[in-house]
Amino acid sequence: MKRILAMALFAALAWTSAQAADISGAGATFPYPIYAKWADAYKKVTGVGLNYQSIGSGGGIKQIKAKTVTFGASDKPLKLDELEASGLIQFPMIMGGIVPVVNLPGIQPGQLTLDGQTLADIFQGTVTSWDDPKIKALNPGVDLPSKAIAVVHRSDGSGTTFLFTTYLSQASSDWSGKIGANSAVEWPVGIGAKGNEGVANMGKQTDGSIGYVEYAYAKQNNLTYTKMINKDGKVVEPSIKAFQAAAAGADWAGAPGFYLILTNQPGADSWPISGASFILVYKHPIDPPATLTALKFFDWAYKNGGDMAQELAYVPMPANVVDLVRQTWASSIKDSIGKQLWQADQ
Amino acid sequence: MANITLDDPLPVNAQDQGRRQRLQDSFFRSSTLFFALMVLLLLGGVIIALIFGAWPALRTFGFGFLTTEVWNPVTDRFGALAPVYGTIITSLLAMIIGVPVSFGIAVFITELCPAVLKRPLGIAIELLAGIPSIIYGIWGLFVLAPFLQLTVQPFLIATIGHAPVIGRLFAGPPYGIGVLTASIILAIMVLPFITSITRDVFETVPPMLKESAYGLGATTTEVVWNVVLPYTRVGVIGAVMLGLGRALGETMAVTFVIGNAHRIAASILAPGTTISATIANEFTEAVGDLYTSSLIALGLILFVITFIVLAFAKLLLMRLERQVKK
């Protein structure tokens, strides 16, 4: 009996040590659907899994600074001085769009149109009813009910909130003066939910609600997204074409530390609330093999993840930006003896 | 105990037995003393850890921490007013809703209930206490909140919401979740505690007292109000204080349905936040020392509030007992 138990214990230990270690990461809920899809495919190919905690950009930044994960993910890019101070580098992994989602029975996805100023007014609490003249003016043929607007926003530190409030600040001087843009702001009205998932769920449950989520969540949960009027005054529907148009003019080479915000971009087809999601890793990681495994995953995703990304309406990074990212890996990330961690031929 | 004096000394095995028993006794005494001291040490340790953790926030904000409503993690400005207000108002509303209901159930079970229903009702009440609080939260979020949002809240807004002074208490868009929903769930959660203690206390009333009142022609209502309640005053207040203590600290059920809004609103249909809901939601992602310290300071404030409520309850009970003795 004892021998059987000993053999079973030995077998269990041997089995667990034979498993390849999973890559550990934490952060933004914005790119979580595509990271999960990539991780699934990567595991089938290489047997290496990804353990990603979708806790919000604020949580991701905290975890990577506390060195509890190998990489952090954030839609709010850190500025160059903060990167230097913490010894981190950041690079953009994927781009996507944030869409307003409403819960009004009888309204179909893409039926409603809003613009930046009205959106800011709604989230500021100055427009409180769905049949307000400002919303009616943008939607002449739509039968809007006389219902109170229930605002749903994020309760946690969120890169999605950062991009959304950056756009609202650009669209409304009132918003910019009173509330501003950040990963957590003092929302004047509304209920808070955790993560993109929380906002999607709360919005689905609450009649007459409006919230903001990354487009993949709206698509996967069949939420009623709205059209927006962009900087050029054109009405655009959220789609991969609209996000690509927003990303087209981005000058990544000229952005130190890859700090670039893609909201309110010019272009007739541009979606006004677009953004990139970033990965944060250490220049001198405490576990170089783990960071190297993570970089190999990101490299694989850059090379092979484009189709999967487009299925979920994310925009993969263009090839020239990926080259810049690889150069940054090679020049900035060093292993424990100071040697370059990322070799160009990998 | 009678001491038996013998001319001969006690035999050896009796001496051993005596020593063993003395050893057993002293071991028993010291181990129970150790456990009792451990409780005091733990309590002291928790208080010290809370004060230590909260010190940076208290030093930075001073007394203004208790009176500021702002809660901005990005500019590092924190104030406890919104969570403290939320904790107090949800507990108060829970008591206002829950105590009459519990009292009614206890009176029904002891006075008016047909004997065949007594047991099942009692068991049903105890089962309510056994439901984990997170299940209450999930039920509240997926069942109660939509129901309130579509039926009760629009009704309240349309009727009392338009009344002159108290209308502001029932204003605002019907979110479904919010202070009222959280209070209702808290009321359901404290109901079993208050009901079972109240029922036990009601059953200690000597039947003679009640029979005498009935014999004099009193109605059931008069018996309950004028005989049973005054007799059991102490126990009932103790039960209410127990329920209040539970309502003040309840975390998971409230976190789901309170709405996470760091704002004080006049309307009870608006979202808000409580101390425990704030800590549960934000502790894992608190970046920076001041943020974490502010959350621990909130915990310290909750500890102090609970302590004050319990001390007040104890004083009230002591005063009532003194009155009864007179």
# chains A, B, ... in the order shown; residues from 1 in each chain; ligands from 1
>>> residues_around(residues="Gly49 of chain A", least_positions_apart="5", cutoff="10 Å", atoms="only C-alpha atoms", output="PyMOL selection string")
chain A and resi 19-24+36+38-44+297
>>> write_last_selection(atoms="all heavy atoms", output="CSV table (one decimal), in the first residue's frame")
chain,number,residue,atom,x,y,z
A,19,GLN,N,5.6,19.2,-17.4
A,19,GLN,CA,4.8,20.2,-18.1
A,19,GLN,C,5.6,21.5,-18.3
A,19,GLN,O,6.3,21.9,-17.4
A,19,GLN,CB,3.6,20.6,-17.2
A,19,GLN,CG,2.6,19.5,-17.0
A,19,GLN,CD,1.5,19.6,-18.0
A,19,GLN,OE1,1.2,20.7,-18.4
A,19,GLN,NE2,0.9,18.5,-18.3
A,20,ALA,N,5.5,22.1,-19.5
A,20,ALA,CA,6.2,23.4,-19.7
A,20,ALA,C,5.5,24.4,-18.8
A,20,ALA,O,4.3,24.4,-18.6
A,20,ALA,CB,6.1,23.8,-21.1
A,21,ALA,N,6.3,25.4,-18.3
A,21,ALA,CA,5.8,26.4,-17.4
A,21,ALA,C,5.0,27.4,-18.3
A,21,ALA,O,5.3,27.7,-19.4
A,21,ALA,CB,6.9,27.2,-16.8
A,22,ASP,N,3.8,27.8,-17.7
A,22,ASP,CA,2.9,28.7,-18.4
A,22,ASP,C,3.5,30.1,-18.3
A,22,ASP,O,4.2,30.5,-17.4
A,22,ASP,CB,1.6,28.7,-17.8
A,22,ASP,CG,0.7,27.5,-18.3
A,22,ASP,OD1,1.2,26.8,-19.2
A,22,ASP,OD2,-0.4,27.3,-17.7
A,23,ILE,N,3.2,30.9,-19.3
A,23,ILE,CA,3.6,32.3,-19.3
A,23,ILE,C,2.6,33.0,-18.4
A,23,ILE,O,1.4,32.8,-18.6
A,23,ILE,CB,3.5,32.9,-20.7
A,23,ILE,CG1,4.3,32.1,-21.7
A,23,ILE,CG2,4.0,34.3,-20.7
A,23,ILE,CD1,4.0,32.4,-23.2
A,24,SER,N,3.1,33.9,-17.5
A,24,SER,CA,2.1,34.6,-16.6
A,24,SER,C,2.0,36.0,-17.0
A,24,SER,O,3.1,36.7,-17.2
A,24,SER,CB,2.5,34.4,-15.2
A,24,SER,OG,3.6,35.2,-14.9
A,36,ALA,N,-6.6,35.4,-25.4
A,36,ALA,CA,-7.1,34.1,-25.1
A,36,ALA,C,-7.1,33.2,-26.3
A,36,ALA,O,-6.7,32.0,-26.2
A,36,ALA,CB,-8.5,34.2,-24.4
A,38,TRP,N,-5.3,33.6,-29.1
A,38,TRP,CA,-3.9,33.3,-29.4
A,38,TRP,C,-3.3,32.2,-28.5
A,38,TRP,O,-2.6,31.3,-29.0
A,38,TRP,CB,-3.0,34.6,-29.3
A,38,TRP,CG,-3.2,35.5,-30.5
A,38,TRP,CD1,-3.7,35.3,-31.7
A,38,TRP,CD2,-2.8,36.9,-30.4
A,38,TRP,NE1,-3.7,36.4,-32.4
A,38,TRP,CE2,-3.1,37.4,-31.7
A,38,TRP,CE3,-2.2,37.7,-29.5
A,38,TRP,CZ2,-2.9,38.8,-32.0
A,38,TRP,CZ3,-2.0,39.1,-29.8
A,38,TRP,CH2,-2.3,39.5,-31.1
A,39,ALA,N,-3.5,32.3,-27.2
A,39,ALA,CA,-2.9,31.4,-26.3
A,39,ALA,C,-3.4,30.0,-26.5
A,39,ALA,O,-2.6,29.0,-26.5
A,39,ALA,CB,-3.3,31.8,-24.8
A,40,ASP,N,-4.7,29.9,-26.9
A,40,ASP,CA,-5.2,28.6,-27.2
A,40,ASP,C,-4.5,27.9,-28.4
A,40,ASP,O,-4.1,26.8,-28.4
A,40,ASP,CB,-6.7,28.8,-27.6
A,40,ASP,CG,-7.5,27.6,-27.1
A,40,ASP,OD1,-7.2,27.0,-26.1
A,40,ASP,OD2,-8.5,27.4,-27.8
A,41,ALA,N,-4.3,28.7,-29.5
A,41,ALA,CA,-3.7,28.2,-30.7
A,41,ALA,C,-2.2,27.9,-30.4
A,41,ALA,O,-1.6,26.9,-30.9
A,41,ALA,CB,-3.8,29.2,-31.8
A,42,TYR,N,-1.5,28.8,-29.6
A,42,TYR,CA,-0.1,28.7,-29.3
A,42,TYR,C,0.1,27.4,-28.5
A,42,TYR,O,1.1,26.7,-28.7
A,42,TYR,CB,0.4,29.9,-28.6
A,42,TYR,CG,1.9,30.0,-28.4
A,42,TYR,CD1,2.7,30.2,-29.5
A,42,TYR,CD2,2.5,29.9,-27.2
A,42,TYR,CE1,4.1,30.3,-29.4
A,42,TYR,CE2,3.8,30.0,-27.0
A,42,TYR,CZ,4.6,30.2,-28.1
A,42,TYR,OH,6.0,30.3,-28.0
A,43,LYS,N,-0.8,27.1,-27.6
A,43,LYS,CA,-0.6,25.9,-26.8
A,43,LYS,C,-0.7,24.7,-27.7
A,43,LYS,O,0.0,23.7,-27.5
A,43,LYS,CB,-1.7,25.9,-25.7
A,43,LYS,CG,-1.5,24.7,-24.8
A,43,LYS,CD,-2.1,24.9,-23.4
A,43,LYS,CE,-1.7,23.8,-22.5
A,43,LYS,NZ,-1.7,24.0,-21.2
A,44,LYS,N,-1.6,24.7,-28.7
A,44,LYS,CA,-1.7,23.5,-29.5
A,44,LYS,C,-0.4,23.3,-30.3
A,44,LYS,O,0.0,22.2,-30.6
A,44,LYS,CB,-2.9,23.7,-30.5
A,44,LYS,CG,-4.2,23.7,-29.9
A,44,LYS,CD,-5.3,23.4,-30.9
A,44,LYS,CE,-6.7,23.3,-30.2
A,44,LYS,NZ,-7.4,24.6,-30.1
A,297,PHE,N,6.2,34.0,-27.6
A,297,PHE,CA,4.8,34.0,-27.8
A,297,PHE,C,4.3,35.2,-28.5
A,297,PHE,O,3.5,35.1,-29.5
A,297,PHE,CB,4.0,33.9,-26.4
A,297,PHE,CG,2.6,34.1,-26.5
A,297,PHE,CD1,1.7,33.2,-27.2
A,297,PHE,CD2,2.0,35.2,-25.9
A,297,PHE,CE1,0.4,33.4,-27.2
A,297,PHE,CE2,0.6,35.5,-26.0
A,297,PHE,CZ,-0.2,34.6,-26.7
>>> interface_residues(of="chain B", to="chain A", cutoff="7 Å", atoms="only C-alpha atoms", output="list of chain:residue names")
B:Asn72, B:Pro73, B:Val74, B:Pro146, B:Pro173, B:Tyr175, B:Gly259, B:Asn260, B:Ala261, B:Pro271, B:Glu282, B:Glu285, B:Val287
>>> write_last_selection(atoms="N, CA and C atoms", output="PDB file, in the first residue's frame")
ATOM      1  N   ASN B  72     -10.294  59.696  -5.649  1.00  0.00           N
ATOM      2  CA  ASN B  72      -9.647  59.713  -6.944  1.00  0.00           C
ATOM      3  C   ASN B  72      -8.308  58.990  -6.862  1.00  0.00           C
ATOM      4  N   PRO B  73      -8.245  57.727  -7.358  1.00  0.00           N
ATOM      5  CA  PRO B  73      -6.989  56.983  -7.243  1.00  0.00           C
ATOM      6  C   PRO B  73      -5.879  57.549  -8.104  1.00  0.00           C
ATOM      7  N   VAL B  74      -6.262  58.347  -9.123  1.00  0.00           N
ATOM      8  CA  VAL B  74      -5.217  58.799 -10.028  1.00  0.00           C
ATOM      9  C   VAL B  74      -4.508  60.030  -9.487  1.00  0.00           C
ATOM     10  N   PRO B 146     -33.240  43.216 -11.594  1.00  0.00           N
ATOM     11  CA  PRO B 146     -34.097  43.456 -12.761  1.00  0.00           C
ATOM     12  C   PRO B 146     -35.565  43.612 -12.379  1.00  0.00           C
ATOM     13  N   PRO B 173     -32.945  57.834 -12.205  1.00  0.00           N
ATOM     14  CA  PRO B 173     -33.255  56.745 -13.121  1.00  0.00           C
ATOM     15  C   PRO B 173     -33.289  55.426 -12.369  1.00  0.00           C
ATOM     16  N   TYR B 175     -32.050  52.214 -11.744  1.00  0.00           N
ATOM     17  CA  TYR B 175     -30.918  51.365 -12.119  1.00  0.00           C
ATOM     18  C   TYR B 175     -31.171  49.902 -11.810  1.00  0.00           C
ATOM     19  N   GLY B 259     -23.607  49.178  -6.686  1.00  0.00           N
ATOM     20  CA  GLY B 259     -23.432  50.112  -7.800  1.00  0.00           C
ATOM     21  C   GLY B 259     -22.099  50.807  -7.880  1.00  0.00           C
ATOM     22  N   ASN B 260     -21.234  50.655  -6.876  1.00  0.00           N
ATOM     23  CA  ASN B 260     -19.870  51.170  -6.945  1.00  0.00           C
ATOM     24  C   ASN B 260     -19.753  52.622  -7.366  1.00  0.00           C
ATOM     25  N   ALA B 261     -20.507  53.476  -6.756  1.00  0.00           N
ATOM     26  CA  ALA B 261     -20.412  54.896  -7.079  1.00  0.00           C
ATOM     27  C   ALA B 261     -19.939  55.631  -5.841  1.00  0.00           C
ATOM     28  N   PRO B 271     -27.065  54.633  -7.003  1.00  0.00           N
ATOM     29  CA  PRO B 271     -25.965  53.765  -6.575  1.00  0.00           C
ATOM     30  C   PRO B 271     -25.106  54.460  -5.534  1.00  0.00           C
ATOM     31  N   GLU B 282     -11.561  47.199  -4.615  1.00  0.00           N
ATOM     32  CA  GLU B 282     -10.382  47.952  -5.046  1.00  0.00           C
ATOM     33  C   GLU B 282      -9.079  47.467  -4.442  1.00  0.00           C
ATOM     34  N   GLU B 285      -6.231  45.938  -6.761  1.00  0.00           N
ATOM     35  CA  GLU B 285      -5.569  46.718  -7.791  1.00  0.00           C
ATOM     36  C   GLU B 285      -5.151  48.077  -7.271  1.00  0.00           C
ATOM     37  N   VAL B 287      -2.857  50.664  -6.560  1.00  0.00           N
ATOM     38  CA  VAL B 287      -1.473  50.966  -6.912  1.00  0.00           C
ATOM     39  C   VAL B 287      -0.975  52.072  -5.998  1.00  0.00           C
TER      40      VAL B 287
END
>>> atom_distance(atom1="atom CA of Gln53 of chain A", atom2="atom CA of Tyr35 of chain A")
10.7 Å
>>> closest_residue(among="A:Gly159, A:Gly97, A:Gly338, A:Pro285", to="Lys67 of chain A", atoms="only C-alpha atoms")
A:Pro285
>>> residues_around(residues="segment 192-198 of chain B", least_positions_apart="4", cutoff="12 Å", atoms="only C-alpha atoms", output="compact mmCIF listing (two decimals) with N, CA and C atoms, in the first residue's frame")
# COMPACT_ATOMS: atom_id res chain seq x y z
N ALA B 94 -31.70 48.66 6.23
CA ALA B 94 -31.89 47.23 6.44
C ALA B 94 -32.61 46.98 7.76
N MET B 95 -32.24 47.74 8.79
CA MET B 95 -32.92 47.60 10.07
C MET B 95 -34.38 48.05 9.98
N GLY B 98 -36.01 45.31 8.03
CA GLY B 98 -35.90 43.97 8.57
C GLY B 98 -36.49 43.79 9.95
N VAL B 99 -36.36 44.77 10.84
CA VAL B 99 -36.81 44.58 12.22
C VAL B 99 -38.32 44.38 12.32
N PRO B 100 -39.15 45.20 11.68
CA PRO B 100 -40.59 44.94 11.77
C PRO B 100 -40.96 43.56 11.22
N VAL B 101 -40.31 43.17 10.10
CA VAL B 101 -40.63 41.87 9.51
C VAL B 101 -40.23 40.75 10.47
N SER B 102 -39.00 40.83 11.01
CA SER B 102 -38.54 39.80 11.94
C SER B 102 -39.45 39.73 13.15
N PHE B 103 -39.77 40.91 13.67
CA PHE B 103 -40.65 40.98 14.83
C PHE B 103 -41.99 40.33 14.51
N GLY B 104 -42.53 40.64 13.34
CA GLY B 104 -43.81 40.06 12.93
C GLY B 104 -43.73 38.54 12.84
N ILE B 105 -42.63 38.04 12.24
CA ILE B 105 -42.47 36.58 12.12
C ILE B 105 -42.39 35.95 13.49
N ALA B 106 -41.61 36.57 14.40
CA ALA B 106 -41.46 35.99 15.74
C ALA B 106 -42.79 35.97 16.48
N VAL B 107 -43.55 37.06 16.39
CA VAL B 107 -44.86 37.10 17.04
C VAL B 107 -45.76 36.03 16.44
N PHE B 108 -45.73 35.90 15.12
CA PHE B 108 -46.59 34.90 14.47
C PHE B 108 -46.23 33.50 14.95
N ILE B 109 -44.93 33.20 14.98
CA ILE B 109 -44.52 31.85 15.36
C ILE B 109 -44.90 31.55 16.81
N THR B 110 -44.76 32.55 17.69
CA THR B 110 -45.01 32.24 19.10
C THR B 110 -46.49 32.36 19.47
N LEU B 121 -41.74 26.47 9.68
CA LEU B 121 -41.38 27.88 9.62
C LEU B 121 -40.04 28.15 10.28
N GLY B 122 -39.89 27.52 11.47
CA GLY B 122 -38.64 27.70 12.19
C GLY B 122 -37.45 27.22 11.38
N ILE B 123 -37.62 26.04 10.77
CA ILE B 123 -36.53 25.49 9.97
C ILE B 123 -36.25 26.37 8.76
N ALA B 124 -37.31 26.88 8.13
CA ALA B 124 -37.11 27.73 6.96
C ALA B 124 -36.30 28.97 7.32
N ILE B 125 -36.60 29.56 8.48
CA ILE B 125 -35.87 30.75 8.92
C ILE B 125 -34.39 30.40 9.14
N GLU B 126 -34.13 29.25 9.79
CA GLU B 126 -32.74 28.88 10.04
C GLU B 126 -32.01 28.64 8.72
N LEU B 127 -32.72 28.07 7.73
CA LEU B 127 -32.08 27.81 6.44
C LEU B 127 -31.67 29.10 5.76
N LEU B 128 -32.50 30.16 5.93
CA LEU B 128 -32.14 31.45 5.36
C LEU B 128 -30.79 31.91 5.88
N ALA B 129 -30.53 31.62 7.16
CA ALA B 129 -29.26 32.04 7.73
C ALA B 129 -28.10 31.26 7.14
N GLY B 130 -28.40 30.03 6.65
CA GLY B 130 -27.32 29.19 6.15
C GLY B 130 -26.91 29.50 4.73
N ILE B 131 -27.67 30.30 4.02
CA ILE B 131 -27.32 30.60 2.63
C ILE B 131 -26.08 31.49 2.61
N LEU B 186 -29.74 43.07 2.54
CA LEU B 186 -29.23 43.04 3.92
C LEU B 186 -30.35 42.70 4.89
N ALA B 187 -31.54 43.26 4.65
CA ALA B 187 -32.67 42.98 5.55
C ALA B 187 -32.98 41.48 5.54
N ILE B 188 -32.97 40.88 4.32
CA ILE B 188 -33.24 39.44 4.24
C ILE B 188 -32.15 38.66 4.97
N PHE B 202 -39.13 35.49 23.22
CA PHE B 202 -40.57 35.54 23.43
C PHE B 202 -41.06 34.29 24.15
N GLU B 203 -40.42 33.15 23.87
CA GLU B 203 -40.90 31.92 24.49
C GLU B 203 -40.53 31.84 25.95
N THR B 204 -39.63 32.75 26.43
CA THR B 204 -39.30 32.71 27.86
C THR B 204 -40.31 33.46 28.70
N VAL B 205 -41.27 34.14 28.06
CA VAL B 205 -42.28 34.86 28.85
C VAL B 205 -43.12 33.84 29.60
N VAL B 228 -45.64 41.00 26.50
CA VAL B 228 -44.49 40.23 26.00
C VAL B 228 -43.30 41.14 25.75
N LEU B 229 -43.52 42.23 24.99
CA LEU B 229 -42.39 43.08 24.62
C LEU B 229 -41.68 43.72 25.82
N TYR B 231 -41.46 42.65 28.77
CA TYR B 231 -40.75 41.61 29.50
C TYR B 231 -39.46 41.24 28.81
N THR B 232 -39.50 41.19 27.46
CA THR B 232 -38.33 40.70 26.71
C THR B 232 -37.52 41.80 26.09
N ARG B 233 -37.70 43.03 26.59
CA ARG B 233 -37.05 44.20 26.02
C ARG B 233 -35.56 43.99 25.79
N VAL B 234 -34.91 43.49 26.82
CA VAL B 234 -33.45 43.33 26.77
C VAL B 234 -33.04 42.40 25.64
N GLY B 235 -33.71 41.24 25.56
CA GLY B 235 -33.35 40.28 24.52
C GLY B 235 -33.61 40.79 23.13
N VAL B 236 -34.73 41.51 22.95
CA VAL B 236 -35.06 42.00 21.61
C VAL B 236 -34.04 43.02 21.16
N ILE B 237 -33.64 43.90 22.07
CA ILE B 237 -32.65 44.92 21.68
C ILE B 237 -31.32 44.25 21.38
N GLY B 238 -30.98 43.22 22.16
CA GLY B 238 -29.76 42.48 21.87
C GLY B 238 -29.81 41.86 20.48
N ALA B 239 -30.97 41.30 20.11
CA ALA B 239 -31.11 40.68 18.78
C ALA B 239 -30.95 41.72 17.68
N VAL B 240 -31.55 42.90 17.89
CA VAL B 240 -31.45 43.96 16.87
C VAL B 240 -30.01 44.40 16.70
N MET B 241 -29.30 44.51 17.84
CA MET B 241 -27.91 44.94 17.74
C MET B 241 -27.06 43.90 17.03
N LEU B 242 -27.37 42.62 17.26
CA LEU B 242 -26.65 41.57 16.55
C LEU B 242 -26.86 41.68 15.05
N GLY B 243 -28.13 41.89 14.66
CA GLY B 243 -28.44 42.06 13.25
C GLY B 243 -27.73 43.27 12.67
N LEU B 244 -27.69 44.36 13.44
CA LEU B 244 -27.03 45.58 12.97
C LEU B 244 -25.54 45.34 12.75
N GLY B 245 -24.94 44.60 13.69
CA GLY B 245 -23.52 44.30 13.53
C GLY B 245 -23.26 43.50 12.27
N ARG B 246 -24.14 42.54 11.98
CA ARG B 246 -23.99 41.76 10.75
C ARG B 246 -24.16 42.64 9.52
N ALA B 247 -25.15 43.54 9.56
CA ALA B 247 -25.43 44.38 8.38
C ALA B 247 -24.28 45.34 8.11
>>> atom_distance(atom1="atom CA of Ala301 of chain A", atom2="atom CA of Tyr282 of chain A")
19.6 Å
>>> residues_around(residues="Ile88 of chain B", least_positions_apart="5", cutoff="12 Å", atoms="only C-alpha atoms", output="list of chain:residue names")
B:Leu81, B:Ala82, B:Pro83, B:Leu93, B:Ala94, B:Met95, B:Val179, B:Ser183, B:Leu244, B:Gly245, B:Ala247, B:Leu248, B:Gly249, B:Glu250, B:Ile264, B:Gly272, B:Thr273, B:Thr274, B:Ile275, B:Ser276, B:Ile301, B:Leu302, B:Ile305, B:Thr306, B:Val309
>>> write_last_selection(atoms="N, CA and C atoms", output="PDB file, in the first residue's frame")
ATOM      1  N   LEU B  81     -15.960  59.773   3.260  1.00  0.00           N
ATOM      2  CA  LEU B  81     -17.345  60.155   3.546  1.00  0.00           C
ATOM      3  C   LEU B  81     -18.354  59.292   2.795  1.00  0.00           C
ATOM      4  N   ALA B  82     -18.129  59.063   1.483  1.00  0.00           N
ATOM      5  CA  ALA B  82     -19.103  58.291   0.698  1.00  0.00           C
ATOM      6  C   ALA B  82     -19.228  56.846   1.196  1.00  0.00           C
ATOM      7  N   PRO B  83     -18.116  56.115   1.401  1.00  0.00           N
ATOM      8  CA  PRO B  83     -18.281  54.754   1.920  1.00  0.00           C
ATOM      9  C   PRO B  83     -18.910  54.705   3.312  1.00  0.00           C
ATOM     10  N   LEU B  93     -31.339  51.368   6.752  1.00  0.00           N
ATOM     11  CA  LEU B  93     -32.490  50.946   5.943  1.00  0.00           C
ATOM     12  C   LEU B  93     -32.772  49.467   6.143  1.00  0.00           C
ATOM     13  N   ALA B  94     -31.698  48.659   6.233  1.00  0.00           N
ATOM     14  CA  ALA B  94     -31.894  47.227   6.439  1.00  0.00           C
ATOM     15  C   ALA B  94     -32.609  46.976   7.756  1.00  0.00           C
ATOM     16  N   MET B  95     -32.245  47.738   8.788  1.00  0.00           N
ATOM     17  CA  MET B  95     -32.918  47.600  10.074  1.00  0.00           C
ATOM     18  C   MET B  95     -34.380  48.053   9.976  1.00  0.00           C
ATOM     19  N   VAL B 179     -28.684  51.652  -3.460  1.00  0.00           N
ATOM     20  CA  VAL B 179     -28.752  51.602  -2.006  1.00  0.00           C
ATOM     21  C   VAL B 179     -29.974  50.811  -1.544  1.00  0.00           C
ATOM     22  N   SER B 183     -30.022  47.386   0.629  1.00  0.00           N
ATOM     23  CA  SER B 183     -30.673  47.364   1.938  1.00  0.00           C
ATOM     24  C   SER B 183     -31.674  46.225   2.027  1.00  0.00           C
ATOM     25  N   LEU B 244     -27.690  44.364  13.441  1.00  0.00           N
ATOM     26  CA  LEU B 244     -27.026  45.579  12.968  1.00  0.00           C
ATOM     27  C   LEU B 244     -25.539  45.340  12.753  1.00  0.00           C
ATOM     28  N   GLY B 245     -24.941  44.602  13.687  1.00  0.00           N
ATOM     29  CA  GLY B 245     -23.523  44.297  13.533  1.00  0.00           C
ATOM     30  C   GLY B 245     -23.261  43.495  12.270  1.00  0.00           C
ATOM     31  N   ALA B 247     -25.147  43.544   9.562  1.00  0.00           N
ATOM     32  CA  ALA B 247     -25.428  44.380   8.385  1.00  0.00           C
ATOM     33  C   ALA B 247     -24.278  45.339   8.111  1.00  0.00           C
ATOM     34  N   LEU B 248     -23.629  45.848   9.176  1.00  0.00           N
ATOM     35  CA  LEU B 248     -22.553  46.815   8.978  1.00  0.00           C
ATOM     36  C   LEU B 248     -21.382  46.196   8.241  1.00  0.00           C
ATOM     37  N   GLY B 249     -21.099  44.910   8.552  1.00  0.00           N
ATOM     38  CA  GLY B 249     -19.886  44.320   8.001  1.00  0.00           C
ATOM     39  C   GLY B 249     -20.093  43.514   6.742  1.00  0.00           C
ATOM     40  N   GLU B 250     -21.328  43.315   6.316  1.00  0.00           N
ATOM     41  CA  GLU B 250     -21.603  42.424   5.188  1.00  0.00           C
ATOM     42  C   GLU B 250     -20.931  42.905   3.906  1.00  0.00           C
ATOM     43  N   ILE B 264     -22.357  60.564  -2.706  1.00  0.00           N
ATOM     44  CA  ILE B 264     -23.502  60.586  -1.798  1.00  0.00           C
ATOM     45  C   ILE B 264     -24.657  61.206  -2.559  1.00  0.00           C
ATOM     46  N   GLY B 272     -24.410  53.660  -4.751  1.00  0.00           N
ATOM     47  CA  GLY B 272     -23.524  54.221  -3.742  1.00  0.00           C
ATOM     48  C   GLY B 272     -22.398  53.246  -3.517  1.00  0.00           C
ATOM     49  N   THR B 273     -21.787  53.302  -2.347  1.00  0.00           N
ATOM     50  CA  THR B 273     -20.779  52.323  -1.997  1.00  0.00           C
ATOM     51  C   THR B 273     -20.719  52.194  -0.492  1.00  0.00           C
ATOM     52  N   THR B 274     -20.242  51.052  -0.017  1.00  0.00           N
ATOM     53  CA  THR B 274     -20.034  50.914   1.423  1.00  0.00           C
ATOM     54  C   THR B 274     -18.555  50.635   1.659  1.00  0.00           C
ATOM     55  N   ILE B 275     -18.147  50.675   2.915  1.00  0.00           N
ATOM     56  CA  ILE B 275     -16.740  50.468   3.238  1.00  0.00           C
ATOM     57  C   ILE B 275     -16.293  49.090   2.773  1.00  0.00           C
ATOM     58  N   SER B 276     -17.075  48.055   3.106  1.00  0.00           N
ATOM     59  CA  SER B 276     -16.639  46.710   2.734  1.00  0.00           C
ATOM     60  C   SER B 276     -16.679  46.507   1.226  1.00  0.00           C
ATOM     61  N   ILE B 301     -11.885  52.420  10.131  1.00  0.00           N
ATOM     62  CA  ILE B 301     -13.097  53.183  10.446  1.00  0.00           C
ATOM     63  C   ILE B 301     -14.276  52.236  10.671  1.00  0.00           C
ATOM     64  N   LEU B 302     -14.372  51.183   9.835  1.00  0.00           N
ATOM     65  CA  LEU B 302     -15.463  50.214  10.015  1.00  0.00           C
ATOM     66  C   LEU B 302     -15.342  49.525  11.362  1.00  0.00           C
ATOM     67  N   ILE B 305     -16.576  51.894  13.934  1.00  0.00           N
ATOM     68  CA  ILE B 305     -18.039  52.016  13.895  1.00  0.00           C
ATOM     69  C   ILE B 305     -18.688  50.811  14.577  1.00  0.00           C
ATOM     70  N   THR B 306     -18.219  49.606  14.213  1.00  0.00           N
ATOM     71  CA  THR B 306     -18.792  48.395  14.818  1.00  0.00           C
ATOM     72  C   THR B 306     -18.584  48.401  16.317  1.00  0.00           C
ATOM     73  N   VAL B 309     -21.019  50.790  17.912  1.00  0.00           N
ATOM     74  CA  VAL B 309     -22.378  50.248  17.932  1.00  0.00           C
ATOM     75  C   VAL B 309     -22.512  49.191  19.030  1.00  0.00           C
TER      76      VAL B 309
END
>>> closest_residue(among="A:Gln111, A:Thr224, A:Thr70, A:Ser173", to="Ile210 of chain A", atoms="only C-alpha atoms")
A:Thr224
>>> closest_residue(among="A:Ile107, A:Val48, A:Leu5, A:Leu88", to="Ile279 of chain A", atoms="only C-alpha atoms")
A:Leu88
>>> atom_distance(atom1="atom CA of Tyr52 of chain A", atom2="atom CA of Gly27 of chain A")
7.7 Å
>>> residues_around(residues="Ala182 of chain B", least_positions_apart="5", cutoff="7 Å", atoms="only C-alpha atoms", output="ChimeraX atom specification")
/B:90,254,257-258
